[in-house]
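Visitor: Got a file for you: target.pdb, PDB, C-alpha atoms, pLDDT in the B column.
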```pdb
MODEL        1
ATOM      1  CA  MET H   1       0.000   0.000   0.000  1.00 72.00           C
ATOM      2  CA  ASN H   2       1.515   3.306  -0.990  1.00 89.00           C
ATOM      3  CA  GLU H   3       1.190   6.596   0.880  1.00 92.00           C
ATOM      4  CA  ASP H   4      -1.719   7.836  -1.273  1.00 93.00           C
ATOM      5  CA  ASP H   5      -3.630   4.587  -0.711  1.00 91.00           C
ATOM      6  CA  VAL H   6      -3.182   4.958   3.046  1.00 90.00           C
ATOM      7  CA  LYS H   7      -4.470   8.543   2.964  1.00 93.00           C
ATOM      8  CA  THR H   8      -7.479   7.527   0.859  1.00 93.00           C
ATOM      9  CA  TYR H   9      -8.250   4.583   3.131  1.00 85.00           C
ATOM     10  CA  LEU H  10      -8.098   6.754   6.262  1.00 89.00           C
ATOM     11  CA  GLU H  11     -10.266   9.459   4.672  1.00 90.00           C
ATOM     12  CA  ASP H  12     -12.870   6.832   3.749  1.00 87.00           C
ATOM     13  CA  PHE H  13     -12.672   5.528   7.314  1.00 83.00           C
ATOM     14  CA  LYS H  14     -13.390   9.011   8.736  1.00 87.00           C
ATOM     15  CA  LYS H  15     -16.453   9.411   6.487  1.00 87.00           C
ATOM     16  CA  ALA H  16     -17.944   5.942   7.052  1.00 84.00           C
ATOM     17  CA  ASP H  17     -20.765   5.075   9.416  1.00 87.00           C
ATOM     18  CA  ILE H  18     -19.886   3.086  12.548  1.00 85.00           C
ATOM     19  CA  ASN H  19     -20.749  -0.322  11.060  1.00 85.00           C
ATOM     20  CA  LYS H  20     -18.605   0.331   8.006  1.00 81.00           C
ATOM     21  CA  LYS H  21     -15.811   1.607  10.253  1.00 83.00           C
ATOM     22  CA  LEU H  22     -15.841  -1.650  12.165  1.00 86.00           C
ATOM     23  CA  ASP H  23     -15.748  -3.631   8.908  1.00 87.00           C
ATOM     24  CA  MET H  24     -12.778  -1.572   7.729  1.00 83.00           C
ATOM     25  CA  TRP H  25     -11.007  -2.002  11.078  1.00 86.00           C
ATOM     26  CA  PHE H  26     -11.490  -5.768  11.053  1.00 91.00           C
ATOM     27  CA  TYR H  27     -10.253  -5.912   7.441  1.00 89.00           C
ATOM     28  CA  ALA H  28      -7.096  -4.026   8.402  1.00 89.00           C
ATOM     29  CA  MET H  29      -6.532  -6.364  11.360  1.00 90.00           C
ATOM     30  CA  GLU H  30      -6.936  -9.424   9.117  1.00 91.00           C
ATOM     31  CA  GLN H  31      -4.388  -7.996   6.680  1.00 91.00           C
ATOM     32  CA  GLU H  32      -1.926  -7.350   9.503  1.00 92.00           C
ATOM     33  CA  THR H  33      -2.266 -10.925  10.704  1.00 91.00           C
ATOM     34  CA  LEU H  34      -1.867 -12.280   7.181  1.00 92.00           C
ATOM     35  CA  TRP H  35       1.317 -10.270   6.551  1.00 92.00           C
ATOM     36  CA  ASP H  36       2.748 -11.217   9.954  1.00 94.00           C
ATOM     37  CA  GLU H  37       2.304 -14.879   9.009  1.00 94.00           C
ATOM     38  CA  ILE H  38       3.833 -14.350   5.546  1.00 94.00           C
ATOM     39  CA  MET H  39       6.847 -12.506   6.980  1.00 95.00           C
ATOM     40  CA  ASP H  40       7.334 -15.183   9.633  1.00 95.00           C
ATOM     41  CA  GLU H  41       7.350 -17.905   6.971  1.00 95.00           C
ATOM     42  CA  MET H  42       9.771 -15.896   4.814  1.00 94.00           C
ATOM     43  CA  SER H  43      12.089 -15.529   7.808  1.00 93.00           C
ATOM     44  CA  LYS H  44      12.027 -19.280   8.425  1.00 93.00           C
ATOM     45  CA  ILE H  45      12.803 -20.001   4.768  1.00 91.00           C
ATOM     46  CA  ALA H  46      15.711 -17.536   4.800  1.00 89.00           C
ATOM     47  CA  ARG H  47      17.185 -19.016   7.993  1.00 88.00           C
ATOM     48  CA  ILE H  48      16.982 -22.546   6.573  1.00 89.00           C
ATOM     49  CA  ALA H  49      18.600 -21.397   3.323  1.00 88.00           C
ATOM     50  CA  MET H  50      21.447 -19.734   5.235  1.00 85.00           C
ATOM     51  CA  MET H  51      22.160 -22.950   7.166  1.00 85.00           C
ATOM     52  CA  LYS H  52      22.878 -24.859   3.960  1.00 82.00           C
ATOM     53  CA  PRO H  53      26.564 -25.532   3.310  1.00 80.00           C
ATOM     54  CA  GLY H  54      28.129 -22.871   1.102  1.00 79.00           C
ATOM     55  CA  ALA H  55      25.324 -20.374   1.618  1.00 73.00           C
ATOM     56  CA  LYS H  56      26.509 -16.770   1.409  1.00 73.00           C
ATOM     57  CA  PRO H  57      24.627 -13.788   2.793  1.00 65.00           C
ATOM     58  CA  THR H  58      23.527 -11.350   0.090  1.00 67.00           C
ATOM     59  CA  VAL H  59      21.869  -7.969   0.077  1.00 63.00           C
ATOM     60  CA  ALA H  60      18.934  -7.501  -2.281  1.00 61.00           C
ATOM     61  CA  GLU H  61      19.386  -4.718  -4.800  1.00 52.00           C
ATOM     62  CA  GLU H  62      16.546  -2.295  -5.301  1.00 50.00           C
TER      63      GLU H  62
ENDMDL
END
```
In structure tokens, write the structure found in this file.
Guide:
Amino acid sequence: MNEDDVKTYLEDFKKADINKKLDMWFYAMEQETLWDEIMDEMSKIARIAMMKPGAKPTVAEE
């Protein structure tokens, strides 16, 4: 989500009725949980890969 998307989302949240606000809040919480799980799995994969013989640490280029 880029900065403009965040601003738009928060503006929509301010304008929404209470039921919609709760739906939006729960959606955001679900996304946070999903990304926490994805990042945890990525971390596990990276640690396993680094334990393999001959593995060299690298820095991703942007």
Visitor: Tell me which protein, DNA and RNA residues are within 12 Å of Phe13 of chain H, counting all atoms listed in the file, leaving out same-chain ones fewer than 3 positions away, and put them as an NGL selection string.
Guide: :H and (6-10 or 16-28)
Visitor: Write out as AutoDock Vina command-line options an axis-aligned box for segment 6-19 of chain H: all of its atoms listed in the file, 3 Å added on each side, centre and edge lengths in Å with one decimal.
Guide:
```
--center_x -12.0 --center_y 4.6 --center_z 6.7 --size_x 23.6 --size_y 15.8 --size_z 17.7
```
Visitor: What does the structure give for the distance between atom CA of Ala46 of chain H and atom CA of Gln31 of chain H, in Å to one decimal?
Guide: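 So the answer is 22.3 Å.
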Visitor: Take segment 15-32 of chain H, model N, CA and C atoms, and hand the result over as a short mmCIF file (atom, residue, chain, number, x, y, z; two decimals), in the frame of the given file.
Guide:
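Okay, out-v8.cif is ready:
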```cif
data_model
loop_
_atom_site.label_atom_id
_atom_site.label_comp_id
_atom_site.auth_asym_id
_atom_site.auth_seq_id
_atom_site.Cartn_x
_atom_site.Cartn_y
_atom_site.Cartn_z
N LYS H 15 -15.13 9.08 7.03
CA LYS H 15 -16.45 9.41 6.49
C LYS H 15 -17.48 8.30 6.68
N ALA H 16 -17.05 7.11 6.99
CA ALA H 16 -17.94 5.94 7.05
C ALA H 16 -18.81 5.96 8.31
N ASP H 17 -19.95 5.25 8.22
CA ASP H 17 -20.76 5.08 9.42
C ASP H 17 -20.09 4.04 10.33
N ILE H 18 -20.56 3.92 11.55
CA ILE H 18 -19.89 3.09 12.55
C ILE H 18 -19.79 1.62 12.11
N ASN H 19 -20.82 1.08 11.49
CA ASN H 19 -20.75 -0.32 11.06
C ASN H 19 -19.69 -0.52 9.98
N LYS H 20 -19.62 0.44 9.05
CA LYS H 20 -18.60 0.33 8.01
C LYS H 20 -17.22 0.51 8.61
N LYS H 21 -17.10 1.41 9.60
CA LYS H 21 -15.81 1.61 10.25
C LYS H 21 -15.33 0.31 10.90
N LEU H 22 -16.24 -0.38 11.54
CA LEU H 22 -15.84 -1.65 12.16
C LEU H 22 -15.41 -2.66 11.12
N ASP H 23 -16.13 -2.72 9.99
CA ASP H 23 -15.75 -3.63 8.91
C ASP H 23 -14.35 -3.29 8.39
N MET H 24 -14.08 -2.00 8.22
CA MET H 24 -12.78 -1.57 7.73
C MET H 24 -11.68 -1.90 8.74
N TRP H 25 -11.99 -1.72 10.02
CA TRP H 25 -11.01 -2.00 11.08
C TRP H 25 -10.68 -3.49 11.11
N PHE H 26 -11.72 -4.32 11.06
CA PHE H 26 -11.49 -5.77 11.05
C PHE H 26 -10.71 -6.20 9.81
N TYR H 27 -11.00 -5.60 8.67
CA TYR H 27 -10.25 -5.91 7.44
C TYR H 27 -8.77 -5.59 7.63
N ALA H 28 -8.49 -4.42 8.18
CA ALA H 28 -7.10 -4.03 8.40
C ALA H 28 -6.41 -4.99 9.37
N MET H 29 -7.10 -5.42 10.40
CA MET H 29 -6.53 -6.36 11.36
C MET H 29 -6.24 -7.71 10.70
N GLU H 30 -7.15 -8.17 9.83
CA GLU H 30 -6.94 -9.42 9.12
C GLU H 30 -5.71 -9.33 8.22
N GLN H 31 -5.54 -8.19 7.56
CA GLN H 31 -4.39 -8.00 6.68
C GLN H 31 -3.09 -8.00 7.48
N GLU H 32 -3.12 -7.37 8.65
CA GLU H 32 -1.93 -7.35 9.50
C GLU H 32 -1.54 -8.77 9.90
#
```
